[in-house]
Amino acid sequence: MRAQLARVDAVIVQAVIAGALSFSHLHDLADAAGQGGWKAWAYPVSVDLLLVAAWRRMREQQRAGRPAGGPRLWFLIALAASLGANVATAGLLDLDDVPAPLRIVVAGWPAVAFFGGTLLAHTPRIPAATSVTPVAETPPATFAEPQPDALSVPSADPEPAPESAAEPITTLAPAPTAPTVSLPPALVDRARVLAEEHHATTGRPADPDAIRARLGLPPSMTQSVAAHL
């Protein structure tokens with residue numbers, strides 16, 4: 001833990017020293033180029049802020065997997081301004097007689113920094129790409145067709161009709177009916193909603209066969225639909 005804190009402290013000290021020296025060189029160059037007073041102190045702040053803002057935006061673009069050409073360009077411009085001031089004040093330039101082109105560059109820097117900072121501030125932030133887990137689709141419900149052996153079959157030996165002197169009476173066996181198959185609650189609710197819509201629109205009860213067709217069920221399920229309406 002102490003070793004880690006020592007490394008962090010060393011980095012902070014080094015950053016403070018480098019920042020102070022760069023700040024001082026930018027101030028001296030701006031002052032020598034005719035930007036005296038508080039303006040000479042504002043130039044280092046402008047250069048360093050543009051440098052940090054461009055670096056942060058460039059890292060955000062790279063983490064999101066997007067091209068970072070714009071932020072990288074403004075980072076290089078701010079770095080050139082800072083590095084140029086450091087080199088110019090190292091004795092290679094007579095600060096008592098600054099060339100006119102350099103005076104023009106120093107005087108035009110606020111407009112350049114304002115333009116770059118505005119572009120960086122108004123660039124939409126792009127979040128890092130996240131993986132999306134696909135949701136498995138629920139298979140559609142299947143309904144088993146009623147088996148023929150499940151149908152009720154009338155007895156093969158009907159009871160004999162009672163003898164009487166009158167005209168013989170023929171007893172007819174009831175017609176076999178298909179068994180009612182229970183529907184899932186979701187289909188029951190959907191069938192009732194369709195029936196209520198039909199009744200509200202036409203004023204008549206809904207036809208179970210029509211409800212069955214709208215639900216996409218086989219014809220053998222008509223009795224089941226009718227039983228739940």
# chains A, B, ... in the order shown; residues from 1 in each chain; ligands from 1
>>> residues_around(residues="A:His27", least_positions_apart="4", cutoff="7 Å", atoms="only C-alpha atoms", output="MDAnalysis selection string")
chainID A and resid 23 31 40:41 43:44
>>> write_last_selection(atoms="N, CA and C atoms", output="PDB file, in the first residue's frame")
ATOM      1  N   PHE A  23       3.216  26.167 -18.011  1.00  0.00           N
ATOM      2  CA  PHE A  23       2.402  27.350 -17.758  1.00  0.00           C
ATOM      3  C   PHE A  23       3.250  28.621 -17.815  1.00  0.00           C
ATOM      4  N   ASP A  31       3.274  37.182 -23.169  1.00  0.00           N
ATOM      5  CA  ASP A  31       3.641  38.528 -22.712  1.00  0.00           C
ATOM      6  C   ASP A  31       4.614  39.189 -23.684  1.00  0.00           C
ATOM      7  N   ALA A  40      -1.963  37.523 -20.569  1.00  0.00           N
ATOM      8  CA  ALA A  40      -0.804  36.626 -20.611  1.00  0.00           C
ATOM      9  C   ALA A  40      -1.020  35.413 -19.713  1.00  0.00           C
ATOM     10  N   TRP A  41      -1.764  35.574 -18.610  1.00  0.00           N
ATOM     11  CA  TRP A  41      -2.053  34.444 -17.720  1.00  0.00           C
ATOM     12  C   TRP A  41      -3.186  33.568 -18.269  1.00  0.00           C
ATOM     13  N   TYR A  43      -3.636  32.728 -21.456  1.00  0.00           N
ATOM     14  CA  TYR A  43      -3.177  31.873 -22.549  1.00  0.00           C
ATOM     15  C   TYR A  43      -2.776  30.475 -22.073  1.00  0.00           C
ATOM     16  N   PRO A  44      -1.976  30.311 -21.013  1.00  0.00           N
ATOM     17  CA  PRO A  44      -1.642  28.954 -20.555  1.00  0.00           C
ATOM     18  C   PRO A  44      -2.873  28.155 -20.139  1.00  0.00           C
TER      19      PRO A  44
END
>>> residues_around(residues="A:Ala80", least_positions_apart="6", cutoff="10 Å", atoms="only C-alpha atoms", output="NGL selection string")
:A and (47 or 51 or 74 or 86)
>>> write_last_selection(atoms="C-alpha atoms", output="PDB file, in the first residue's frame")
ATOM      1  CA  VAL A  47      -3.907  25.800 -24.010  1.00  0.00           C
ATOM      2  CA  LEU A  51      -5.245  19.753 -24.302  1.00  0.00           C
ATOM      3  CA  TRP A  74      -7.317  19.311 -31.465  1.00  0.00           C
ATOM      4  CA  ASN A  86       8.535  25.678 -24.372  1.00  0.00           C
TER       5      ASN A  86
END
>>> residues_around(residues="A:Leu79", least_positions_apart="6", cutoff="10 Å", atoms="only C-alpha atoms", output="PyMOL selection string")
chain A and resi 47-48+50-52+73+85
>>> closest_residue(among="A:Thr201, A:Pro71, A:Val225, A:Asp209", to="A:Pro185", atoms="only C-alpha atoms")
A:Val225
